[in-house]
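Novice: One file: structure.pdb (PDB, C-alpha atoms).
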```
MODEL        1
ATOM      1  CA  MET C   1      -2.464  12.448  38.804
ATOM      2  CA  ARG C   2      -3.118  16.023  37.772
ATOM      3  CA  ARG C   3       0.140  16.075  35.775
ATOM      4  CA  LEU C   4      -0.917  12.948  33.896
ATOM      5  CA  PHE C   5      -4.246  14.547  33.061
ATOM      6  CA  LEU C   6      -2.540  17.716  31.795
ATOM      7  CA  LEU C   7      -0.076  15.656  29.754
ATOM      8  CA  ALA C   8      -2.916  13.669  28.212
ATOM      9  CA  CYS C   9      -4.736  16.890  27.332
ATOM     10  CA  LEU C  10      -1.616  18.367  25.734
ATOM     11  CA  LEU C  11      -1.040  15.225  23.676
ATOM     12  CA  THR C  12      -4.645  15.261  22.525
ATOM     13  CA  LEU C  13      -4.405  18.928  21.571
ATOM     14  CA  SER C  14      -1.138  18.454  19.686
ATOM     15  CA  THR C  15      -2.673  15.588  17.697
ATOM     16  CA  ALA C  16      -5.850  17.549  16.998
ATOM     17  CA  CYS C  17      -3.846  20.568  15.824
ATOM     18  CA  ARG C  18      -1.937  18.620  13.217
ATOM     19  CA  SER C  19      -2.653  19.413   9.611
ATOM     20  CA  THR C  20      -4.132  16.800   7.315
ATOM     21  CA  SER C  21      -0.686  16.396   5.746
ATOM     22  CA  GLN C  22       0.886  15.728   9.124
ATOM     23  CA  ARG C  23      -1.851  13.286  10.098
ATOM     24  CA  LEU C  24      -1.372  11.400   6.815
ATOM     25  CA  GLU C  25       2.385  11.178   7.436
ATOM     26  CA  VAL C  26       1.734   9.754  10.904
ATOM     27  CA  MET C  27      -0.731   7.223   9.461
ATOM     28  CA  VAL C  28       1.827   6.078   6.869
ATOM     29  CA  ASP C  29       4.522   5.783   9.559
ATOM     30  CA  GLU C  30       2.167   3.755  11.778
ATOM     31  CA  THR C  31       1.293   1.453   8.894
ATOM     32  CA  ARG C  32       4.957   0.935   7.957
ATOM     33  CA  ARG C  33       5.905   0.214  11.562
ATOM     34  CA  GLU C  34       3.057  -2.255  12.016
ATOM     35  CA  LEU C  35       3.706  -3.969   8.683
ATOM     36  CA  SER C  36       7.389  -4.480   9.420
ATOM     37  CA  GLY C  37       6.444  -6.811  12.268
ATOM     38  CA  GLU C  38       3.243  -8.174  10.747
ATOM     39  CA  MET C  39       4.801  -9.515   7.553
ATOM     40  CA  LEU C  40       6.923 -11.933   9.496
ATOM     41  CA  ALA C  41       4.116 -13.205  11.684
ATOM     42  CA  GLY C  42       1.141 -12.826   9.339
ATOM     43  CA  ILE C  43      -1.425 -10.054   9.281
ATOM     44  CA  SER C  44      -3.312  -9.815  12.563
ATOM     45  CA  GLY C  45      -6.857  -8.766  13.227
ATOM     46  CA  ASP C  46      -5.546  -5.736  15.134
ATOM     47  CA  PHE C  47      -3.656  -4.527  12.065
ATOM     48  CA  VAL C  48      -6.728  -4.987   9.859
ATOM     49  CA  ARG C  49      -8.882  -2.967  12.279
ATOM     50  CA  GLN C  50      -6.280  -0.200  12.498
ATOM     51  CA  GLN C  51      -5.984  -0.095   8.716
ATOM     52  CA  GLU C  52      -9.772   0.056   8.310
ATOM     53  CA  SER C  53      -9.792   3.016  10.690
ATOM     54  CA  ARG C  54      -7.066   4.761   8.672
ATOM     55  CA  ILE C  55      -8.942   4.154   5.440
ATOM     56  CA  GLU C  56     -12.096   5.619   6.959
ATOM     57  CA  ARG C  57     -10.150   8.736   8.005
ATOM     58  CA  ILE C  58      -8.809   9.085   4.450
ATOM     59  CA  ARG C  59     -12.359   8.938   3.091
ATOM     60  CA  GLU C  60     -13.298  11.700   5.551
ATOM     61  CA  PHE C  61     -10.326  13.829   4.435
ATOM     62  CA  ASP C  62     -11.431  13.347   0.831
ATOM     63  CA  GLU C  63     -15.088  14.178   1.534
ATOM     64  CA  LYS C  64     -14.037  17.373   3.320
ATOM     65  CA  GLY C  65     -11.680  18.335   0.474
ATOM     66  CA  GLU C  66      -8.678  18.244   2.807
ATOM     67  CA  LEU C  67      -6.322  16.445   0.418
ATOM     68  CA  GLN C  68      -4.403  19.269  -1.220
ATOM     69  CA  THR C  69      -0.790  18.453  -2.001
ATOM     70  CA  ALA C  70       1.036  15.796  -3.984
ATOM     71  CA  ALA C  71       2.244  14.359  -0.680
ATOM     72  CA  ASP C  72      -1.331  14.223   0.656
ATOM     73  CA  TYR C  73      -2.567  12.289  -2.365
ATOM     74  CA  TYR C  74       0.487  10.021  -2.377
ATOM     75  CA  ASN C  75       0.218   9.176   1.337
ATOM     76  CA  ALA C  76      -3.534   8.590   1.076
ATOM     77  CA  SER C  77      -3.007   6.274  -1.917
ATOM     78  CA  TRP C  78      -0.197   4.447  -0.094
ATOM     79  CA  ILE C  79      -2.565   3.556   2.742
ATOM     80  CA  LEU C  80      -5.543   2.745   0.506
ATOM     81  CA  VAL C  81      -3.587   0.371  -1.753
ATOM     82  CA  ALA C  82      -3.183  -2.034   1.178
ATOM     83  CA  SER C  83      -6.935  -2.678   1.058
ATOM     84  CA  GLN C  84      -8.569  -5.601  -0.713
ATOM     85  CA  GLU C  85     -11.755  -3.635  -1.400
ATOM     86  CA  GLU C  86     -12.383  -2.548  -4.990
ATOM     87  CA  GLU C  87     -13.685   0.868  -3.946
ATOM     88  CA  ASP C  88     -10.546   1.564  -1.896
ATOM     89  CA  LEU C  89      -8.268   0.336  -4.673
ATOM     90  CA  ALA C  90      -9.990   2.499  -7.284
ATOM     91  CA  LEU C  91      -9.586   5.489  -4.958
ATOM     92  CA  ALA C  92      -5.918   4.547  -4.379
ATOM     93  CA  ARG C  93      -5.375   4.503  -8.148
ATOM     94  CA  ASP C  94      -7.077   7.865  -8.589
ATOM     95  CA  PHE C  95      -5.227   9.480  -5.683
ATOM     96  CA  ALA C  96      -1.896   8.095  -6.917
ATOM     97  CA  LEU C  97      -2.486   9.546 -10.366
ATOM     98  CA  GLN C  98      -3.501  12.869  -8.800
ATOM     99  CA  ALA C  99      -0.224  12.811  -6.856
ATOM    100  CA  VAL C 100       1.609  12.281 -10.151
ATOM    101  CA  GLU C 101      -0.225  15.220 -11.728
ATOM    102  CA  LEU C 102       0.911  17.351  -8.801
ATOM    103  CA  GLY C 103       4.541  16.244  -9.226
ATOM    104  CA  GLU C 104       4.946  13.090  -7.097
ATOM    105  CA  ASP C 105       6.273  10.451  -9.505
ATOM    106  CA  ARG C 106       6.220   7.713  -6.847
ATOM    107  CA  GLY C 107       2.468   7.733  -7.407
ATOM    108  CA  PHE C 108       2.977   5.774 -10.628
ATOM    109  CA  ARG C 109       4.015   2.671  -8.682
ATOM    110  CA  ILE C 110       1.033   2.940  -6.335
ATOM    111  CA  ALA C 111      -1.309   3.332  -9.325
ATOM    112  CA  ALA C 112       0.239   0.237 -10.962
ATOM    113  CA  THR C 113      -0.228  -1.754  -7.757
ATOM    114  CA  ALA C 114      -3.865  -0.666  -7.430
ATOM    115  CA  ILE C 115      -4.552  -1.545 -11.088
ATOM    116  CA  ASP C 116      -2.950  -4.970 -10.659
ATOM    117  CA  LYS C 117      -4.929  -5.672  -7.497
ATOM    118  CA  LEU C 118      -8.177  -4.617  -9.178
ATOM    119  CA  ASN C 119      -7.449  -6.919 -12.118
ATOM    120  CA  ARG C 120      -6.678  -9.762  -9.746
ATOM    121  CA  ILE C 121      -9.974  -9.259  -7.891
ATOM    122  CA  ASP C 122     -11.765  -9.360 -11.254
ATOM    123  CA  GLY C 123      -9.957 -12.603 -12.171
ATOM    124  CA  LEU C 124      -7.913 -10.922 -14.898
ATOM    125  CA  PRO C 125      -4.147 -11.057 -15.412
ATOM    126  CA  GLN C 126      -2.309  -8.179 -13.817
ATOM    127  CA  ARG C 127      -0.832  -5.568 -16.129
ATOM    128  CA  TYR C 128       2.416  -4.604 -14.446
ATOM    129  CA  GLY C 129       3.528  -7.462 -12.219
ATOM    130  CA  THR C 130       3.232  -6.091  -8.699
ATOM    131  CA  GLN C 131       1.316  -9.041  -7.251
ATOM    132  CA  TYR C 132       2.686 -12.357  -5.997
ATOM    133  CA  GLU C 133       0.686 -15.110  -4.392
ATOM    134  CA  PHE C 134       1.575 -18.064  -2.237
ATOM    135  CA  ASN C 135       0.459 -21.396  -3.701
ATOM    136  CA  GLN C 136      -0.351 -23.577  -0.682
ATOM    137  CA  PHE C 137      -0.379 -26.791  -2.711
ATOM    138  CA  LEU C 138       3.109 -26.202  -4.142
ATOM    139  CA  GLY C 139       4.382 -24.419  -1.044
ATOM    140  CA  ARG C 140       5.861 -21.711  -3.275
ATOM    141  CA  TRP C 141       5.458 -18.085  -4.199
ATOM    142  CA  ARG C 142       4.534 -17.255  -7.753
ATOM    143  CA  LEU C 143       4.072 -14.123  -9.749
ATOM    144  CA  TYR C 144       0.355 -13.713 -10.336
ATOM    145  CA  PRO C 145      -0.295 -14.116 -14.102
ATOM    146  CA  VAL C 146       0.758 -11.069 -16.103
ATOM    147  CA  ASP C 147      -0.933  -9.774 -19.246
ATOM    148  CA  PRO C 148       1.541 -10.564 -22.041
ATOM    149  CA  ALA C 149       0.440  -7.460 -23.949
ATOM    150  CA  THR C 150       2.018  -5.193 -21.322
ATOM    151  CA  THR C 151       5.565  -4.266 -22.331
ATOM    152  CA  ASP C 152       8.619  -3.678 -20.187
ATOM    153  CA  ALA C 153       8.523  -0.074 -21.417
ATOM    154  CA  GLU C 154       5.029   0.294 -19.937
ATOM    155  CA  ARG C 155       6.245  -1.266 -16.692
ATOM    156  CA  GLU C 156       9.200   1.106 -16.586
ATOM    157  CA  SER C 157       6.885   4.095 -17.113
ATOM    158  CA  MET C 158       5.036   3.023 -13.947
ATOM    159  CA  GLY C 159       8.190   2.435 -11.903
ATOM    160  CA  ILE C 160       8.008  -1.362 -12.185
ATOM    161  CA  PRO C 161      11.037  -3.498 -13.141
ATOM    162  CA  PRO C 162      11.123  -5.576 -16.352
ATOM    163  CA  LEU C 163       9.318  -8.913 -16.379
ATOM    164  CA  ARG C 164      12.556 -10.926 -16.126
ATOM    165  CA  ASP C 165      13.366  -9.095 -12.866
ATOM    166  CA  LEU C 166       9.900  -9.882 -11.523
ATOM    167  CA  TYR C 167      10.455 -13.582 -12.157
ATOM    168  CA  GLU C 168      13.873 -13.254 -10.524
ATOM    169  CA  ARG C 169      12.137 -11.812  -7.450
ATOM    170  CA  GLU C 170       9.826 -14.846  -7.453
ATOM    171  CA  ARG C 171      12.892 -17.112  -7.416
ATOM    172  CA  GLU C 172      14.484 -15.084  -4.604
ATOM    173  CA  LEU C 173      11.305 -15.242  -2.505
ATOM    174  CA  ASN C 174      11.243 -19.020  -2.819
ATOM    175  CA  GLU C 175      14.956 -19.352  -2.046
ATOM    176  CA  ARG C 176      14.617 -17.161   1.022
ATOM    177  CA  MET C 177      11.622 -19.174   2.201
ATOM    178  CA  ALA C 178      13.533 -22.454   1.675
ATOM    179  CA  ALA C 179      16.531 -21.086   3.592
ATOM    180  CA  GLU C 180      14.290 -20.003   6.477
ATOM    181  CA  ARG C 181      12.767 -23.467   6.658
ATOM    182  CA  GLU C 182      16.215 -25.054   6.816
ATOM    183  CA  GLY C 183      17.661 -22.512   9.229
TER     184      GLY C 183
ENDMDL
END
```
Go ahead and express the file in the form of structure tokens.
Specialist:
Amino acid sequence: MRRLFLLACLLTLSTACRSTSQRLEVMVDETRRELSGEMLAGISGDFVRQQESRIERIREFDEKGELQTAADYYNASWILVASQEEEDLALARDFALQAVELGEDRGFRIAATAIDKLNRIDGLPQRYGTQYEFNQFLGRWRLYPVDPATTDAERESMGIPPLRDLYERERELNERMAAEREG
């Protein structure tokens, strides 16, 4: 019993001694691991609660000025962009762009995703094409409407494939879903 108590104390200390960067990496790994199982079965209430807790911790890191590196901003934006809340998505966009300024080009894609999600919430077409939705009536996936003024060059600058590839992904999603129903 005493050994278990000492082990628990050591684990708590090792977690508490982690830097903000290390804690962010752990949070991203946890989210990825949970999402890999959740996507197949649908998002659970447990995942949502865990994600809300992670988002709250990111807000605390930000308020304390603990986000310092490109990796910090990128990882924080990666977690925030999973939210459906406008405030979180705006922060994800800003953090992603800060990551880019600090040298992390993967931040462009996160910023594009946050912008598209914000537009979708506001009932506007998405700019880049990162968002798909499932149409219950048709029983099919579809690319959420895309602003026709956005060019493939703009998409490429944000790390997003050309529009024709996005529609190809829509087709592949529907084929995969049809195959799973048959199989």
Novice: Using all atoms listed in the file for the distances, tell me which of C:Arg23, C:Arg54, C:Arg49, C:Arg59 is nearest to Ala71 in chain C.
Specialist: C:Arg23
Novice: Carefully work through the PyMOL selection byres ((chain C and resi 114) around 8) for this structure and note down the residues it includes, as a list in words.
Specialist: Val81, Leu89, Ala90, Ala92, Arg93, Ile110, Ala111, Ala112, Thr113, Ile115, Asp116, Lys117 and Leu118 of chain C
Novice: Which distance in Å separates CA of Leu124 in chain C and CA of Gln136 in chain C, to one decimal?
Specialist: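 That distance, rounded to one decimal, is 20.5 Å.
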Novice: Could you tell me how far CA of Leu67 in chain C lies from CA of Thr20 in chain C, in Å and to one decimal?
Specialist: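 These two atoms are separated by 7.2 Å.
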Novice: From the list C:Glu101, C:Glu25, C:Asp152, C:Asp46, which residue is nearest Ala76 in chain C when using only C-alpha atoms?
Specialist: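 Answer, going by the shortest atom-to-atom distance: C:Glu25.
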Novice: Please work out which residues fall within 9 Å of (5.2, -0.1, -11.3), coordinates as given in the file, with only C-alpha atoms counting, and return them as a PyMOL selection string.
Specialist: chain C and resi 108-113+128-130+154-161
Novice: Taking (-1.1, -12.3, -15.8) in the file's own coordinates, collect the residues within 6 Å, counting all atoms listed in the file, and hand them back as a list in words.
Specialist: Pro125, Gln126, Tyr144, Pro145, Val146 and Asp147 of chain C
Novice: Of the candidates C:Ala149, C:Leu138, C:Ala179, C:Leu24, which shows the shortest atom-to-atom distance to Glu60 in chain C, using all atoms listed in the file?
Specialist: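 Of C:Ala149, C:Leu138, C:Ala179, C:Leu24, the one nearest Glu60 in chain C, counting all atoms listed in the file, is C:Leu24.
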Novice: Please report the interatomic distance between CA of Ala99 in chain C and CA of Asp72 in chain C in Å with one decimal.
Specialist: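 About the pair CA of Ala99 in chain C and CA of Asp72 in chain C: they are 7.7 Å apart.
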Novice: Hey, which of C:Arg32, C:Arg171, C:Arg120, C:Arg106 ends up closest to Gln51 in chain C? Count all atoms listed in the file.
Specialist: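 Nearest candidate to Gln51 in chain C out of C:Arg32, C:Arg171, C:Arg120, C:Arg106: C:Arg32.
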Novice: Looking at all atoms listed in the file, which of C:Glu170, C:Glu104, C:Glu52, C:Glu180 is the one that sits closest to Gln131 in chain C?
Specialist: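 Ranked by minimum distance to Gln131 in chain C, first place goes to C:Glu170.
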Novice: Between C:Glu34, C:Asp122, C:Glu66, C:Asp105, which is the closest to Glu85 in chain C once you count all atoms listed in the file?
Specialist: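 For Glu85 in chain C, the nearest of the given residues is C:Asp122.
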Novice: Would you mind completing range 101-116 of chain C so that it carries N, CA and C atoms, and writing it out as a short mmCIF file (atom, residue, chain, number, x, y, z; two decimals), in the frame of the given file?
Specialist:
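In the end it all went to rebuild_29.cif:
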```cif
data_model
loop_
_atom_site.label_atom_id
_atom_site.label_comp_id
_atom_site.auth_asym_id
_atom_site.auth_seq_id
_atom_site.Cartn_x
_atom_site.Cartn_y
_atom_site.Cartn_z
N GLU C 101 0.10 13.95 -11.07
CA GLU C 101 -0.22 15.22 -11.73
C GLU C 101 0.33 16.41 -10.96
N LEU C 102 0.40 16.26 -9.65
CA LEU C 102 0.91 17.35 -8.80
C LEU C 102 2.43 17.27 -8.60
N GLY C 103 3.08 16.29 -9.25
CA GLY C 103 4.54 16.24 -9.23
C GLY C 103 5.18 15.12 -8.44
N GLU C 104 4.39 14.20 -7.89
CA GLU C 104 4.95 13.09 -7.10
C GLU C 104 4.99 11.83 -7.95
N ASP C 105 6.15 11.58 -8.58
CA ASP C 105 6.27 10.45 -9.51
C ASP C 105 6.17 9.09 -8.84
N ARG C 106 6.38 9.01 -7.53
CA ARG C 106 6.22 7.71 -6.85
C ARG C 106 4.78 7.22 -6.93
N GLY C 107 3.86 8.11 -7.26
CA GLY C 107 2.47 7.73 -7.41
C GLY C 107 2.25 6.73 -8.53
N PHE C 108 3.13 6.74 -9.53
CA PHE C 108 2.98 5.77 -10.63
C PHE C 108 2.98 4.34 -10.11
N ARG C 109 3.90 4.04 -9.20
CA ARG C 109 4.01 2.67 -8.68
C ARG C 109 2.77 2.28 -7.88
N ILE C 110 2.25 3.22 -7.10
CA ILE C 110 1.03 2.94 -6.34
C ILE C 110 -0.13 2.70 -7.29
N ALA C 111 -0.23 3.51 -8.34
CA ALA C 111 -1.31 3.33 -9.32
C ALA C 111 -1.19 1.96 -9.98
N ALA C 112 0.03 1.55 -10.34
CA ALA C 112 0.24 0.24 -10.96
C ALA C 112 -0.19 -0.88 -10.01
N THR C 113 0.15 -0.75 -8.75
CA THR C 113 -0.23 -1.75 -7.76
C THR C 113 -1.74 -1.83 -7.62
N ALA C 114 -2.40 -0.68 -7.55
CA ALA C 114 -3.86 -0.67 -7.43
C ALA C 114 -4.52 -1.29 -8.67
N ILE C 115 -4.01 -0.98 -9.85
CA ILE C 115 -4.55 -1.54 -11.09
C ILE C 115 -4.38 -3.06 -11.09
N ASP C 116 -3.20 -3.52 -10.70
CA ASP C 116 -2.95 -4.97 -10.66
C ASP C 116 -3.87 -5.67 -9.65
#
```
